[in-house]
Structures are given as structure tokens and as C-alpha cells.
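Chemist: For reference, this is target-v2.cif, and it has mmCIF, C-alpha atoms and all ligand atoms; chains and numbers go by the auth columns.
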```
data_data
#
loop_
_atom_site.group_PDB
_atom_site.id
_atom_site.type_symbol
_atom_site.label_atom_id
_atom_site.label_comp_id
_atom_site.label_asym_id
_atom_site.label_seq_id
_atom_site.Cartn_x
_atom_site.Cartn_y
_atom_site.Cartn_z
_atom_site.B_iso_or_equiv
_atom_site.auth_seq_id
_atom_site.auth_asym_id
ATOM 1 C CA MET A 1 66.908 124.743 102.637 0.00 11 A
ATOM 2 C CA ALA A 2 68.564 121.474 101.569 0.00 12 A
ATOM 3 C CA LYS A 3 71.865 121.963 99.729 0.00 13 A
ATOM 4 C CA THR A 4 72.210 119.960 96.499 0.00 14 A
ATOM 5 C CA VAL A 5 75.709 118.866 95.486 0.00 15 A
ATOM 6 C CA ILE A 6 76.398 117.664 91.931 0.00 16 A
ATOM 7 C CA THR A 7 79.396 115.785 90.544 0.00 17 A
ATOM 8 C CA PHE A 8 80.307 113.977 87.321 0.00 18 A
ATOM 9 C CA GLY A 9 82.413 110.991 86.391 0.00 19 A
ATOM 10 C CA THR A 10 82.814 107.731 84.510 0.00 20 A
ATOM 11 C CA TYR A 11 83.258 105.501 87.587 0.00 21 A
ATOM 12 C CA ASP A 12 84.643 102.675 85.440 0.00 22 A
ATOM 13 C CA VAL A 13 86.043 99.685 87.381 0.00 23 A
ATOM 14 C CA PHE A 14 84.704 101.358 90.545 0.00 24 A
ATOM 15 C CA HIS A 15 87.415 101.770 93.219 0.00 25 A
ATOM 16 C CA TYR A 16 88.173 103.334 96.620 0.00 26 A
ATOM 17 C CA GLY A 17 89.184 106.714 95.116 0.00 27 A
ATOM 18 C CA HIS A 18 85.725 106.981 93.511 0.00 28 A
ATOM 19 C CA LEU A 19 84.038 106.135 96.829 0.00 29 A
ATOM 20 C CA MET A 20 86.087 108.716 98.766 0.00 30 A
ATOM 21 C CA LEU A 21 85.244 111.413 96.225 0.00 31 A
ATOM 22 C CA LEU A 22 81.510 110.663 96.397 0.00 32 A
ATOM 23 C CA GLN A 23 81.440 110.465 100.212 0.00 33 A
ATOM 24 C CA ARG A 24 83.322 113.750 100.551 0.00 34 A
ATOM 25 C CA ALA A 25 81.025 115.367 97.960 0.00 35 A
ATOM 26 C CA LYS A 26 77.966 114.267 99.935 0.00 36 A
ATOM 27 C CA GLY A 27 79.581 115.662 103.080 0.00 37 A
ATOM 28 C CA CYS A 28 79.577 119.103 101.432 0.00 38 A
ATOM 29 C CA GLY A 29 75.755 119.239 101.394 0.00 39 A
ATOM 30 C CA ASP A 30 72.499 117.350 101.973 0.00 40 A
ATOM 31 C CA ARG A 31 71.716 115.715 98.623 0.00 41 A
ATOM 32 C CA LEU A 32 74.187 114.239 96.110 0.00 42 A
ATOM 33 C CA VAL A 33 73.346 114.055 92.405 0.00 43 A
ATOM 34 C CA VAL A 34 75.819 112.244 90.109 0.00 44 A
ATOM 35 C CA GLY A 35 76.127 112.522 86.320 0.00 45 A
ATOM 36 C CA VAL A 36 77.625 109.266 85.023 0.00 46 A
ATOM 37 C CA SER A 37 79.221 109.626 81.594 0.00 47 A
ATOM 38 C CA THR A 38 77.604 107.534 78.879 0.00 48 A
ATOM 39 C CA ASP A 39 79.473 104.968 76.793 0.00 49 A
ATOM 40 C CA ALA A 40 78.952 107.176 73.708 0.00 50 A
ATOM 41 C CA LEU A 41 80.556 110.175 75.463 0.00 51 A
ATOM 42 C CA ASN A 42 83.598 108.058 76.377 0.00 52 A
ATOM 43 C CA ILE A 43 83.928 106.732 72.843 0.00 53 A
ATOM 44 C CA SER A 44 83.739 110.237 71.367 0.00 54 A
ATOM 45 C CA LYS A 45 86.078 111.902 73.943 0.00 55 A
ATOM 46 C CA LYS A 46 88.544 109.119 74.868 0.00 56 A
ATOM 47 C CA GLY A 47 88.299 106.960 71.762 0.00 57 A
ATOM 48 C CA ARG A 48 87.287 103.848 73.688 0.00 58 A
ATOM 49 C CA ALA A 49 84.342 102.427 75.571 0.00 59 A
ATOM 50 C CA PRO A 50 84.704 101.943 79.340 0.00 60 A
ATOM 51 C CA ILE A 51 85.358 98.391 80.607 0.00 61 A
ATOM 52 C CA PHE A 52 81.901 98.285 82.221 0.00 62 A
ATOM 53 C CA PRO A 53 78.840 99.485 80.264 0.00 63 A
ATOM 54 C CA GLU A 54 76.915 102.545 81.432 0.00 64 A
ATOM 55 C CA ASN A 55 73.939 100.643 82.895 0.00 65 A
ATOM 56 C CA GLU A 56 76.312 98.684 85.171 0.00 66 A
ATOM 57 C CA ARG A 57 78.398 101.764 86.107 0.00 67 A
ATOM 58 C CA LYS A 58 75.193 103.658 86.937 0.00 68 A
ATOM 59 C CA ALA A 59 73.759 100.754 88.963 0.00 69 A
ATOM 60 C CA ILE A 60 76.886 100.651 91.150 0.00 70 A
ATOM 61 C CA VAL A 61 76.887 104.425 91.795 0.00 71 A
ATOM 62 C CA GLU A 62 73.115 104.465 92.368 0.00 72 A
ATOM 63 C CA SER A 63 73.395 101.744 95.033 0.00 73 A
ATOM 64 C CA LEU A 64 75.699 103.813 97.278 0.00 74 A
ATOM 65 C CA ARG A 65 74.223 105.219 100.492 0.00 75 A
ATOM 66 C CA CYS A 66 75.851 108.610 99.841 0.00 76 A
ATOM 67 C CA VAL A 67 74.212 108.988 96.384 0.00 77 A
ATOM 68 C CA ASP A 68 70.643 110.293 96.070 0.00 78 A
ATOM 69 C CA HIS A 69 70.194 110.493 92.297 0.00 79 A
ATOM 70 C CA VAL A 70 72.057 109.441 89.136 0.00 80 A
ATOM 71 C CA PHE A 71 71.589 110.667 85.565 0.00 81 A
ATOM 72 C CA ASP A 72 73.303 110.218 82.184 0.00 82 A
ATOM 73 C CA GLU A 73 76.064 112.713 81.362 0.00 83 A
ATOM 74 C CA ASP A 74 75.944 112.577 77.584 0.00 84 A
ATOM 75 C CA SER A 75 77.963 115.693 76.765 0.00 85 A
ATOM 76 C CA LEU A 76 80.893 117.488 78.423 0.00 86 A
ATOM 77 C CA GLU A 77 79.538 120.768 77.049 0.00 87 A
ATOM 78 C CA LYS A 78 76.152 120.583 78.794 0.00 88 A
ATOM 79 C CA LYS A 79 77.354 121.104 82.383 0.00 89 A
ATOM 80 C CA ALA A 80 75.506 124.439 82.738 0.00 90 A
ATOM 81 C CA ASP A 81 72.223 122.784 81.652 0.00 91 A
ATOM 82 C CA TYR A 82 72.755 119.883 84.063 0.00 92 A
ATOM 83 C CA LEU A 83 73.466 122.241 86.988 0.00 93 A
ATOM 84 C CA ARG A 84 70.251 124.184 86.322 0.00 94 A
ATOM 85 C CA GLU A 85 68.132 121.080 85.642 0.00 95 A
ATOM 86 C CA HIS A 86 69.190 119.458 88.940 0.00 96 A
ATOM 87 C CA LYS A 87 69.087 122.749 90.894 0.00 97 A
ATOM 88 C CA ALA A 88 72.690 122.296 92.038 0.00 98 A
ATOM 89 C CA ASP A 89 74.023 124.593 94.766 0.00 99 A
ATOM 90 C CA LEU A 90 77.564 123.201 94.565 0.00 100 A
ATOM 91 C CA LEU A 91 79.625 121.447 91.871 0.00 101 A
ATOM 92 C CA VAL A 92 82.339 119.161 93.270 0.00 102 A
ATOM 93 C CA MET A 93 85.081 117.645 91.068 0.00 103 A
ATOM 94 C CA GLY A 94 88.392 115.931 91.737 0.00 104 A
ATOM 95 C CA ASP A 95 91.390 118.230 91.384 0.00 105 A
ATOM 96 C CA ASP A 96 92.489 116.584 88.125 0.00 106 A
ATOM 97 C CA TRP A 97 89.772 118.920 86.742 0.00 107 A
ATOM 98 C CA ARG A 98 91.073 122.000 88.646 0.00 108 A
ATOM 99 C CA GLY A 99 90.167 125.244 86.857 0.00 109 A
ATOM 100 C CA ARG A 100 88.192 123.502 84.115 0.00 110 A
ATOM 101 C CA PHE A 101 84.756 124.416 85.472 0.00 111 A
ATOM 102 C CA ASP A 102 85.445 127.802 87.062 0.00 112 A
ATOM 103 C CA GLU A 103 83.207 129.533 84.514 0.00 113 A
ATOM 104 C CA LEU A 104 80.199 127.702 85.990 0.00 114 A
ATOM 105 C CA SER A 105 80.582 129.603 89.257 0.00 115 A
ATOM 106 C CA ASP A 106 77.954 132.123 88.099 0.00 116 A
ATOM 107 C CA ILE A 107 75.418 129.245 88.307 0.00 117 A
ATOM 108 C CA CYS A 108 76.584 127.565 91.526 0.00 118 A
ATOM 109 C CA GLU A 109 79.592 127.288 93.815 0.00 119 A
ATOM 110 C CA VAL A 110 82.449 125.198 92.312 0.00 120 A
ATOM 111 C CA ILE A 111 85.084 123.313 94.343 0.00 121 A
ATOM 112 C CA TYR A 112 87.811 120.783 93.514 0.00 122 A
ATOM 113 C CA LEU A 113 88.708 118.093 96.067 0.00 123 A
ATOM 114 C CA PRO A 114 92.130 116.406 96.233 0.00 124 A
ATOM 115 C CA ARG A 115 92.224 113.023 94.498 0.00 125 A
ATOM 116 C CA THR A 116 92.917 109.904 96.542 0.00 126 A
ATOM 117 C CA PRO A 117 96.599 109.150 95.815 0.00 127 A
ATOM 118 C CA ALA A 118 97.926 106.053 94.053 0.00 128 A
ATOM 119 C CA ILE A 119 94.662 104.593 92.766 0.00 129 A
ATOM 120 C CA SER A 120 92.980 104.913 89.403 0.00 130 A
ATOM 121 C CA THR A 121 91.055 102.817 86.915 0.00 131 A
ATOM 122 C CA THR A 122 94.122 102.715 84.638 0.00 132 A
ATOM 123 C CA VAL A 123 96.465 101.566 87.448 0.00 133 A
ATOM 124 C CA THR A 124 93.912 98.908 88.480 0.00 134 A
ATOM 125 C CA ILE A 125 93.605 97.565 84.918 0.00 135 A
ATOM 126 C CA GLU A 126 97.421 97.426 84.625 0.00 136 A
ATOM 127 C CA LYS A 127 97.674 95.554 87.965 0.00 137 A
ATOM 128 C CA ILE A 128 95.084 92.997 86.839 0.00 138 A
ATOM 129 C CA LYS A 129 96.892 92.534 83.505 0.00 139 A
ATOM 130 C CA ALA A 130 100.203 91.963 85.297 0.00 140 A
ATOM 131 C CA SER A 131 98.848 89.498 87.861 0.00 141 A
HETATM 132 N N1 LIG B . 88.915 110.457 91.677 0.00 1 B
HETATM 133 C C1 LIG B . 89.548 110.698 92.896 0.00 1 B
HETATM 134 N N2 LIG B . 90.640 109.955 93.234 0.00 1 B
HETATM 135 C C2 LIG B . 91.118 109.002 92.402 0.00 1 B
HETATM 136 C C3 LIG B . 90.481 108.742 91.169 0.00 1 B
HETATM 137 C C4 LIG B . 89.366 109.505 90.822 0.00 1 B
HETATM 138 O O1 LIG B . 89.134 111.577 93.679 0.00 1 B
HETATM 139 N N3 LIG B . 92.210 108.331 92.772 0.00 1 B
HETATM 140 C C5 LIG B . 87.749 111.287 91.313 0.00 1 B
HETATM 141 C C6 LIG B . 87.953 112.101 90.037 0.00 1 B
HETATM 142 O O2 LIG B . 88.718 113.253 90.306 0.00 1 B
HETATM 143 C C7 LIG B . 86.517 112.392 89.634 0.00 1 B
HETATM 144 C C8 LIG B . 85.759 111.145 90.158 0.00 1 B
HETATM 145 O O3 LIG B . 86.633 110.470 91.061 0.00 1 B
HETATM 146 O O4 LIG B . 86.036 113.559 90.313 0.00 1 B
HETATM 147 C C9 LIG B . 85.402 110.216 89.012 0.00 1 B
HETATM 148 O O5 LIG B . 86.583 109.867 88.321 0.00 1 B
HETATM 149 P P1 LIG B . 86.515 109.321 86.823 0.00 1 B
HETATM 150 O O6 LIG B . 85.571 108.199 86.764 0.00 1 B
HETATM 151 O O7 LIG B . 87.921 109.130 86.346 0.00 1 B
HETATM 152 O O8 LIG B . 85.814 110.547 86.108 0.00 1 B
HETATM 153 P P2 LIG B . 86.252 111.256 84.765 0.00 1 B
HETATM 154 O O9 LIG B . 86.317 110.223 83.687 0.00 1 B
HETATM 155 O O10 LIG B . 87.422 112.119 85.021 0.00 1 B
HETATM 156 O O11 LIG B . 84.963 112.198 84.509 0.00 1 B
HETATM 157 O O12 LIG B . 82.502 115.543 83.300 0.00 1 B
HETATM 158 C C10 LIG B . 83.544 114.714 83.745 0.00 1 B
HETATM 159 C C11 LIG B . 83.459 113.377 83.070 0.00 1 B
HETATM 160 O O13 LIG B . 82.318 112.690 83.503 0.00 1 B
HETATM 161 C C12 LIG B . 84.689 112.526 83.206 0.00 1 B
#
```
Can the structure from this file be put into C-alpha cells for me?
Ligand code: C2G
Modeler:
Amino acid sequence: MAKTVITFGTYDVFHYGHLMLLQRAKGCGDRLVVGVSTDALNISKKGRAPIFPENERKAIVESLRCVDHVFDEDSLEKKADYLREHKADLLVMGDDWRGRFDELSDICEVIYLPRTPAISTTVTIEKIKAS
């Protein structure tokens, strides 16, 4: 049976580290489903809207060959519902989230992949500002 992998993220100012995470996540199974955090979730959790609005962030992620389906992640507390709704067999997250989703392992397997070093949305924004 096909193995469904699920992952979540903001994917703001999309960069190489995002791509590597998504490609490695897809490599862990057959089908990759991605929850892209909404603008409202970012405003409520981080106090600011992403640089790019959610429809643009979703369009970029959706266009990738390694991504099969994209949906809105509108709450950090609804992960269990999302895993069940999308029939996930495996949750993959970058290791900046290590340990944070271990309690979901009664629904599906949970793994954390190492982040790509030296690149992030924040570093990219700072580089652009300084150039
Ligand atoms: N990532 C990575 N390497 C980097 C930067 C990011 O592997 N250099 C990974 C993160 O670990 C994450 C994914 O790329 O798994 C998306 O990163 P963000 O857009 O920063 O996602 P975040 O805002 O942490 O997700 O439920 C989680 C929320 O959606 C928030």
C-alpha cells in the first residue's frame, strides 16, 4: 500500500533548505502532503505576517514535483486531526522541531530530519536588507 508522508511549514521566501526538506520527506514514502501555515496562524503565533501571502506560498509548494497535495495549516493544535484527515503514515519535520510532536506517534510514525545548515528565511531577509 502507498505510504503517505505529511509535513508542515510556512515556506516563506522559499529557499534551498525548504526544497531539501520536502525532497527528503518525499523520499521517505510514496505520497507527500504538505500543510502550509496560514497568514492568520503566523500573525497569532509569531506576531507578524509572512513576507509572501499564503496563496503565493501555497502555489510555490504545490508546483514542486515532490509535492502531491497542499492544504491550509490554520492551527498548531490540530496536528492530530490533520494526520487522520490525510491518512498520514509518517510525519516528517525538521529537527528544529525535535521532540515537539512525539505524542503524535500513536497516530503515525514521527521523524525529524536534520536542517540544511546556514540557510533560513531570516538569514535571507537580512542578506537582502544588507545588499
Ligand atoms: N528547514 C530545513 N532547513 C532549513 C530551513 C528550514 O530543513 N535551513 C525545514 C524546517 O525544519 C521545516 C521546513 O523546512 O521542517 C519548513 O520550515 P519553515 O517554513 O520555517 O516552517 P515553520 O515556520 O517552522 O513551520 O507546524 C509547523 C508550522 O507550520 C511552522
Chemist: Any chance you could resolve the PyMOL selection byres (((not hetatm)) within 10 of (chain B and resi 1)) against this file and give the residues as a PyMOL selection string?
Modeler: chain A and resi 17-32+34-35+44-48+51-52+55-56+60+67+82-89+102-108+110-111+122-133
Chemist: Given the file shown, determine the residues that the PyMOL selection byres (((chain A and resi 69-76) around 8) and not hetatm) selects; report them as a list in words.
Modeler: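 Given this file, the PyMOL selection byres (((chain A and resi 69-76) around 8) and not hetatm) evaluates to Tyr21, Phe24, Leu32, Gln33, Lys36, Leu42, Asn65, Glu66, Arg67, Lys68, Val77, Asp78, His79 and Val80 of chain A.
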Chemist: Which residue gives the smallest distance to Tyr92 in chain A among A:Leu114, A:Asp49, A:Ile121, A:Lys139, with only C-alpha atoms counted?
Modeler: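 Of all the options, A:Leu114 lies closest to Tyr92 in chain A.
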Chemist: Separation of CA of Met11 in chain A and CA of Cys38 in chain A, in Å?
Modeler: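 Interatomic distance, CA of Met11 in chain A to CA of Cys38 in chain A: 13.9 Å.
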Chemist: What box, with edges along x, y and z, holds each listed atom of range 108-126 of chain A when 5 Å is added on every side, and can you state its centre and edge lengths in Å to one decimal, as AutoDock Vina command-line options?
Modeler:
```
--center_x 84.2 --center_y 121.0 --center_z 90.3 --size_x 27.5 --size_y 32.2 --size_z 22.4
```
Chemist: Rank A:Val43, A:Ala90, A:Cys118, A:Ile61 by their smallest atom-to-atom distance to Ile16 in chain A, using all atoms listed in the file, and report the top residue only.
Modeler: A:Val43
Chemist: Quick one: distance from CA of Arg58 in chain A to CA of Glu136 in chain A in Å, one decimal?
Modeler: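 Value for the CA of Arg58 in chain A-CA of Glu136 in chain A distance: 16.2 Å.
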Chemist: What is the distance between CA of Gly39 in chain A and CA of Asp99 in chain A, in Å to one decimal?
Modeler: 8.7 Å
Chemist: With N, CA, C and O atoms as the atom set, please write range 77-97 of chain A from the structure just given, as a tab-separated table (two decimals), in the first residue's frame.
Modeler:
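Contents of the output file selection_28.tsv:
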```
chain	number	residue	atom	x	y	z
A	77	VAL	N	5.84	17.26	-4.40
A	77	VAL	CA	4.64	17.51	-3.56
A	77	VAL	C	3.38	17.04	-4.28
A	77	VAL	O	3.14	17.40	-5.43
A	78	ASP	N	2.58	16.23	-3.59
A	78	ASP	CA	1.35	15.70	-4.21
A	78	ASP	C	0.11	16.47	-3.81
A	78	ASP	O	-0.85	16.53	-4.57
A	79	HIS	N	0.09	17.04	-2.60
A	79	HIS	CA	-1.11	17.75	-2.15
A	79	HIS	C	-0.74	18.78	-1.09
A	79	HIS	O	0.13	18.52	-0.25
A	80	VAL	N	-1.41	19.94	-1.14
A	80	VAL	CA	-1.16	21.01	-0.17
A	80	VAL	C	-2.48	21.41	0.47
A	80	VAL	O	-3.52	21.43	-0.19
A	81	PHE	N	-2.44	21.70	1.78
A	81	PHE	CA	-3.65	22.19	2.45
A	81	PHE	C	-3.25	23.28	3.44
A	81	PHE	O	-2.08	23.46	3.75
A	82	ASP	N	-4.25	24.02	3.92
A	82	ASP	CA	-4.02	25.10	4.88
A	82	ASP	C	-3.79	24.53	6.28
A	82	ASP	O	-4.64	23.78	6.78
A	83	GLU	N	-2.68	24.92	6.92
A	83	GLU	CA	-2.50	24.60	8.34
A	83	GLU	C	-2.96	25.84	9.10
A	83	GLU	O	-2.26	26.86	9.11
A	84	ASP	N	-4.15	25.78	9.69
A	84	ASP	CA	-4.64	27.00	10.33
A	84	ASP	C	-4.57	26.98	11.85
A	84	ASP	O	-4.95	27.94	12.51
A	85	SER	N	-4.02	25.87	12.41
A	85	SER	CA	-3.81	25.83	13.85
A	85	SER	C	-2.66	24.88	14.17
A	85	SER	O	-2.56	23.81	13.55
A	86	LEU	N	-1.81	25.26	15.12
A	86	LEU	CA	-0.71	24.36	15.52
A	86	LEU	C	-1.25	23.21	16.37
A	86	LEU	O	-0.60	22.19	16.54
A	87	GLU	N	-2.44	23.40	16.93
A	87	GLU	CA	-3.00	22.41	17.85
A	87	GLU	C	-3.82	21.34	17.16
A	87	GLU	O	-4.32	20.43	17.82
A	88	LYS	N	-3.97	21.43	15.84
A	88	LYS	CA	-4.83	20.47	15.13
A	88	LYS	C	-4.05	19.39	14.38
A	88	LYS	O	-4.59	18.73	13.50
A	89	LYS	N	-2.77	19.19	14.77
A	89	LYS	CA	-1.94	18.23	14.02
A	89	LYS	C	-2.57	16.84	13.98
A	89	LYS	O	-2.57	16.19	12.94
A	90	ALA	N	-3.12	16.39	15.13
A	90	ALA	CA	-3.70	15.03	15.17
A	90	ALA	C	-4.84	14.92	14.16
A	90	ALA	O	-4.94	13.92	13.44
A	91	ASP	N	-5.69	15.96	14.08
A	91	ASP	CA	-6.80	15.95	13.11
A	91	ASP	C	-6.28	15.89	11.69
A	91	ASP	O	-6.79	15.14	10.86
A	92	TYR	N	-5.24	16.71	11.41
A	92	TYR	CA	-4.68	16.73	10.05
A	92	TYR	C	-4.09	15.36	9.68
A	92	TYR	O	-4.25	14.90	8.55
A	93	LEU	N	-3.41	14.73	10.62
A	93	LEU	CA	-2.79	13.41	10.32
A	93	LEU	C	-3.87	12.40	9.96
A	93	LEU	O	-3.72	11.63	9.00
A	94	ARG	N	-4.98	12.43	10.73
A	94	ARG	CA	-6.07	11.46	10.47
A	94	ARG	C	-6.76	11.79	9.16
A	94	ARG	O	-6.99	10.90	8.34
A	95	GLU	N	-7.07	13.08	8.95
A	95	GLU	CA	-7.80	13.52	7.75
A	95	GLU	C	-7.04	13.13	6.48
A	95	GLU	O	-7.65	12.71	5.49
A	96	HIS	N	-5.71	13.26	6.51
A	96	HIS	CA	-4.91	12.98	5.30
A	96	HIS	C	-4.33	11.57	5.30
A	96	HIS	O	-3.51	11.24	4.45
A	97	LYS	N	-4.77	10.76	6.26
A	97	LYS	CA	-4.35	9.34	6.35
A	97	LYS	C	-2.82	9.20	6.30
A	97	LYS	O	-2.27	8.38	5.53
```
